>>> print(open('input20.txt').read())   # compact mmCIF, C-alpha atoms and all ligand atoms
# COMPACT_ATOMS: atom_id res chain seq x y z
CA MET U 1 52.85 -169.78 36.39
CA PHE U 2 54.36 -170.81 33.12
CA ALA U 3 54.01 -169.85 29.47
CA ILE U 4 53.63 -172.20 26.54
CA VAL U 5 55.14 -170.85 23.35
CA THR U 6 53.90 -172.90 20.40
CA GLY U 7 55.74 -173.41 17.10
CA LYS U 8 59.49 -173.91 16.96
CA GLN U 9 59.91 -170.71 14.93
CA ASN U 10 58.50 -168.81 17.93
CA HIS U 11 60.69 -170.39 20.60
CA LEU U 12 62.87 -167.99 22.55
CA THR U 13 66.62 -168.45 22.94
CA GLU U 14 68.16 -168.67 26.41
CA ARG U 15 69.51 -165.15 25.89
CA ALA U 16 66.11 -163.81 24.83
CA VAL U 17 64.53 -165.31 27.96
CA ARG U 18 67.30 -163.80 30.09
CA LEU U 19 66.71 -160.33 28.60
CA LEU U 20 62.96 -160.74 29.05
CA ALA U 21 63.51 -161.76 32.69
CA VAL U 22 65.53 -158.60 33.31
CA ASP U 23 62.79 -156.46 31.73
CA LEU U 24 60.17 -158.23 33.84
CA ALA U 25 62.13 -157.65 37.05
CA GLU U 26 62.68 -154.03 36.04
CA ALA U 27 58.94 -153.53 35.48
CA PHE U 28 57.70 -155.09 38.73
CA GLY U 29 60.80 -154.86 40.94
CA HIS U 30 63.14 -157.82 41.36
CA GLN U 31 61.75 -158.43 44.86
CA ALA U 32 58.55 -159.69 43.24
CA PHE U 33 60.44 -162.72 41.92
CA SER U 34 62.28 -165.65 43.41
CA ILE U 35 65.71 -164.86 41.97
CA ALA U 36 68.90 -166.57 43.16
CA LYS U 37 72.47 -165.57 42.45
CA PRO U 38 74.89 -168.34 41.38
CA GLY U 39 75.83 -170.41 44.44
CA GLU U 40 73.17 -168.85 46.64
CA TRP U 41 71.05 -172.01 46.70
CA ASP U 42 72.63 -175.45 46.73
CA HIS U 43 70.23 -176.94 44.19
CA LEU U 44 70.64 -174.08 41.69
CA LYS U 45 74.36 -173.65 41.27
CA ASP U 46 73.94 -171.40 38.20
CA GLY U 47 71.35 -169.27 39.95
CA ARG U 48 67.91 -168.40 38.66
CA HIS U 49 66.25 -165.39 37.05
CA ALA U 50 62.61 -164.28 37.08
CA LEU U 51 62.03 -166.46 34.01
CA SER U 52 63.56 -169.75 32.97
CA ILE U 53 63.04 -172.30 30.22
CA ILE U 54 61.85 -175.56 31.79
CA THR U 55 61.52 -179.06 30.39
CA GLU U 56 58.54 -180.00 32.58
CA TYR U 57 56.14 -178.39 35.03
CA GLN U 58 55.70 -180.22 38.30
CA GLU U 59 52.59 -179.81 40.37
CA ASP U 60 50.55 -181.75 42.92
CA GLY U 61 49.26 -184.09 40.25
CA PRO U 62 50.60 -185.37 36.95
CA THR U 63 53.67 -183.47 35.70
CA ILE U 64 52.94 -181.38 32.60
CA THR U 65 55.43 -181.86 29.76
CA PRO U 66 55.71 -179.90 26.51
CA GLU U 67 54.61 -181.27 23.15
CA PRO U 68 57.43 -181.39 20.55
CA ASP U 69 56.64 -177.92 19.18
CA GLU U 70 56.05 -176.33 22.60
CA GLN U 71 58.45 -174.38 24.81
CA PHE U 72 57.70 -173.89 28.52
CA ILE U 73 58.90 -170.72 30.25
CA GLN U 74 58.33 -170.55 34.00
CA VAL U 75 57.70 -167.31 35.90
CA HIS U 76 59.24 -167.51 39.37
CA MET U 77 57.09 -165.22 41.50
CA MET U 78 57.58 -164.65 45.22
CA THR U 79 53.94 -164.23 46.08
CA ARG U 80 51.97 -167.22 47.25
CA TYR U 81 49.29 -168.90 45.21
CA TYR U 82 45.86 -167.26 45.15
CA GLY U 83 42.80 -169.26 44.20
CA ILE U 84 39.15 -169.65 45.08
CA ASP U 85 39.25 -171.45 48.48
CA TYR U 86 42.87 -170.38 49.01
CA GLU U 87 42.80 -166.58 48.99
CA ARG U 88 46.37 -166.01 50.08
CA GLY U 89 48.68 -164.57 47.42
CA ASN U 90 48.82 -161.19 45.68
CA LEU U 91 46.49 -161.89 42.76
CA ALA U 92 46.65 -158.30 41.49
CA GLN U 93 50.39 -158.73 41.01
CA ILE U 94 50.01 -162.22 39.53
CA LEU U 95 47.49 -161.08 36.92
CA SER U 96 49.51 -157.97 36.12
CA VAL U 97 52.56 -160.13 35.45
CA ALA U 98 50.38 -162.44 33.32
CA ASP U 99 49.18 -159.44 31.31
CA TRP U 100 52.77 -158.26 30.84
CA MET U 101 53.76 -161.73 29.65
CA PHE U 102 50.92 -161.85 27.11
CA ARG U 103 52.12 -158.54 25.65
CA ARG U 104 55.77 -159.60 25.44
CA LEU U 105 55.55 -163.22 24.31
CA PRO U 106 54.93 -164.31 20.70
CA ILE U 107 51.28 -163.99 19.67
CA GLY U 108 49.37 -167.17 20.46
CA SER U 109 51.38 -168.02 23.57
CA LYS U 110 49.36 -169.40 26.48
CA LEU U 111 49.80 -168.94 30.22
CA TRP U 112 49.08 -171.57 32.85
CA TYR U 113 48.69 -170.75 36.50
CA GLY U 114 48.88 -172.88 39.68
CA GLY U 115 48.60 -175.42 41.02
CA ASP U 116 49.14 -175.59 44.70
CA SER U 117 50.26 -178.18 47.22
CA ASP U 118 46.76 -179.13 48.36
CA GLY U 119 45.98 -180.71 45.01
CA ALA U 120 44.83 -177.59 43.16
CA ARG U 121 45.80 -178.19 39.52
CA ALA U 122 47.21 -175.67 37.10
CA ILE U 123 44.65 -173.90 34.92
CA MET U 124 44.98 -172.06 31.63
CA LEU U 125 44.69 -168.31 32.12
CA ASP U 126 42.18 -167.55 29.40
CA ARG U 127 39.75 -164.61 29.50
CA VAL U 128 37.16 -166.56 31.47
CA ALA U 129 39.63 -167.81 34.11
CA ILE U 130 41.15 -164.35 34.54
CA ALA U 131 37.72 -162.73 34.88
CA GLU U 132 36.61 -165.33 37.43
CA LEU U 133 39.75 -164.92 39.57
CA TRP U 134 39.72 -161.14 39.34
CA ASP U 135 36.02 -160.97 40.19
CA HIS U 136 36.56 -163.16 43.26
CA TYR U 137 39.58 -161.11 44.38
CA CYS U 138 37.71 -157.81 44.06
CA LYS U 139 34.78 -159.14 46.08
CA VAL U 140 36.52 -160.98 48.94
CA GLY U 141 40.25 -160.18 48.71
CA HIS U 142 42.07 -162.27 51.31
CA LYS U 143 39.26 -162.45 53.87
CA PRO U 144 38.35 -166.14 53.45
CA TYR U 145 41.98 -167.14 54.01
CA HIS U 146 42.26 -165.07 57.17
CA GLY U 147 38.97 -166.30 58.54
CA ALA U 148 37.22 -162.95 58.57
CA LEU U 149 34.22 -164.41 56.72
CA SER U 150 34.00 -167.62 58.72
CA GLY U 151 33.06 -166.06 62.02
CA VAL U 152 36.42 -166.81 63.63
CA PHE U 153 36.75 -163.22 64.71
CA ALA U 154 33.16 -162.92 65.82
CA HIS U 155 33.69 -165.66 68.41
CA SER U 156 37.17 -164.78 69.58
CA GLY U 157 35.97 -162.22 72.12
CA ASP U 158 39.21 -160.37 72.63
CA THR U 159 39.75 -159.34 68.98
CA PRO U 160 40.44 -155.60 69.07
CA THR U 161 38.77 -153.26 66.59
CA CYS U 162 40.15 -150.17 64.86
CA SER U 163 38.22 -147.00 65.73
CA PHE U 164 39.78 -145.19 62.73
CA CYS U 165 38.39 -147.85 60.37
CA ALA U 166 34.69 -148.12 61.26
CA ASP U 167 35.43 -150.40 64.24
CA THR U 168 36.51 -153.19 61.91
CA PRO U 169 38.00 -156.22 63.70
CA MET U 170 41.77 -156.32 63.35
CA ARG U 171 43.45 -159.32 61.74
CA SER U 172 45.45 -161.81 63.78
CA SER U 173 49.19 -161.46 63.15
CA GLY U 174 50.52 -164.18 65.46
CA GLY U 175 51.67 -163.73 69.03
CA VAL U 176 53.91 -164.95 71.83
CA ARG U 177 52.99 -166.67 75.09
CA ASN U 178 49.74 -165.15 76.36
CA GLN U 179 49.92 -162.19 74.01
CA ARG U 180 48.26 -161.98 70.60
CA PHE U 181 49.25 -159.58 67.83
CA PHE U 182 46.73 -157.83 65.59
CA THR U 183 46.95 -155.57 62.55
CA CYS U 184 44.22 -153.40 61.01
CA CYS U 185 43.87 -154.15 57.29
CA GLY U 186 42.44 -150.68 56.68
CA CYS U 187 45.27 -148.54 58.02
CA GLY U 188 48.03 -150.78 59.38
CA ALA U 189 47.39 -149.93 63.05
CA ARG U 190 48.69 -152.67 65.36
CA ALA U 191 47.67 -153.89 68.78
CA ILE U 192 48.73 -156.50 71.31
CA THR U 193 46.19 -158.20 73.55
CA SER U 194 47.17 -159.87 76.81
CA PRO U 195 45.47 -160.61 80.14
CA ALA U 196 46.34 -156.99 81.02
CA GLY U 197 44.15 -155.68 78.15
CA VAL U 198 44.64 -154.16 74.72
CA GLU U 199 47.62 -151.99 73.92
CA MET U 200 47.88 -150.08 70.63
CA LEU U 201 51.40 -149.82 69.23
CA ALA U 202 53.04 -146.53 68.33
CA ASP U 203 54.38 -145.90 64.80
CA GLY U 204 57.77 -147.53 64.43
CA ASP U 205 57.16 -149.89 67.33
CA ASP U 206 57.60 -153.53 66.35
CA PHE U 207 55.54 -156.33 67.84
CA PHE U 208 58.36 -158.09 69.65
CA THR U 209 59.86 -154.98 71.27
CA ALA U 210 56.41 -153.87 72.40
CA SER U 211 55.62 -157.39 73.59
CA ALA U 212 58.71 -157.49 75.83
CA ARG U 213 57.94 -154.01 77.19
CA ILE U 214 54.35 -154.96 78.04
CA ARG U 215 55.54 -158.14 79.77
CA GLN U 216 58.00 -156.15 81.90
CA THR U 217 55.66 -153.34 82.89
CA LYS U 218 52.69 -155.59 83.70
CA ASN U 219 54.66 -158.04 85.84
ZN ZN U 301 42.44 -149.08 60.86
>>> encode(input="input20.txt", output="structure tokens")
Amino acid sequence: MFAIVTGKQNHLTERAVRLLAVDLAEAFGHQAFSIAKPGEWDHLKDGRHALSIITEYQEDGPTITPEPDEQFIQVHMMTRYYGIDYERGNLAQILSVADWMFRRLPIGSKLWYGGDSDGARAIMLDRVAIAELWDHYCKVGHKPYHGALSGVFAHSGDTPTCSFCADTPMRSSGGVRNQRFFTCCGCGARAITSPAGVEMLADGDDFFTASARIRQTKN
């Protein structure tokens, strides 16, 4: 996501962007942003804050460059992209950050969001785009990305369900060897399936410790 500030009189100084980045990280928690200390990453020897002034915006398509009176300010979020047909990232957080930016940037600034590596191009976050994304998120959340709407779970046979959550199928969370890990989206309950059956994990148990224990006791 990046902002376009139009009109040279509205452009922010490096220091103003730095202060804004600190405020942004304070509001949402610095963990929400891809921040690097100086020297932490080889390609960013001066480090990076939650916001930075950029001279171009690269995406899977033509690079977007500012007009002479435009300033681009990129927002470096940790969450993955969320879009219709790629329902992965935390859209609630993305749109909240966008809203925060609109309130803190000079009036008339625009926000662009995306794209993604599969060719999805950046779009301007106007009222219509925000409403469309938000509407989609509220209706389907992350289910299309995780396959819950495509029947993947319905055919998998050994997908455990959560009795606390209306017997909803649990979501696949990976696995090792002949074991598969599952998590309930409704309450966070976790289970491991293996040829020996389904085992629910206790609170505080992690998948890999439980996996090793199951392998030892069943052999
Ligand atoms: Zn549950």
>>> residues_around(input="input20.txt", residues="segment 73-76 of chain U", least_positions_apart="6", cutoff="10 Å", atoms="only C-alpha atoms", output="PyMOL selection string")
chain U and resi 1-5+11-12+17+21+24+32-35+48-57+94+97-98+101+111-113
>>> residues_around(input="input20.txt", residues="Ile84 of chain U", least_positions_apart="3", cutoff="12 Å", atoms="all atoms listed in the file", output="VMD selection string")
chain U and resid 81 87 to 89 91 114 to 116 120 129 to 130 132 to 145
>>> residues_near_ligand(input="input20.txt", ligand="ligand ZN 301 (chain U)", cutoff="10 Å", atoms="all atoms listed in the file", output="MDAnalysis selection string")
chainID U and resid 161:170 183:190
>>> residues_near_point(input="input20.txt", point="(58.6, -181.2, 19.0)", cutoff="10 Å", atoms="all atoms listed in the file", output="VMD selection string")
chain U and resid 6 to 8 66 to 71
>>> atom_distance(input="input20.txt", atom1="atom CA of Ala122 of chain U", atom2="atom CA of Arg18 of chain U")
24.4 Å
>>> closest_residue(input="input20.txt", among="U:Arg171, U:Tyr86, U:Ala196, U:Thr13", to="Thr217 of chain U", atoms="all atoms listed in the file")
U:Ala196
>>> atom_distance(input="input20.txt", atom1="atom CA of Pro62 of chain U", atom2="atom CA of Asn90 of chain U")
25.8 Å
>>> closest_residue(input="input20.txt", among="U:Glu199, U:Met77, U:Ala16, U:Gln58", to="Ser96 of chain U", atoms="all atoms listed in the file")
U:Met77
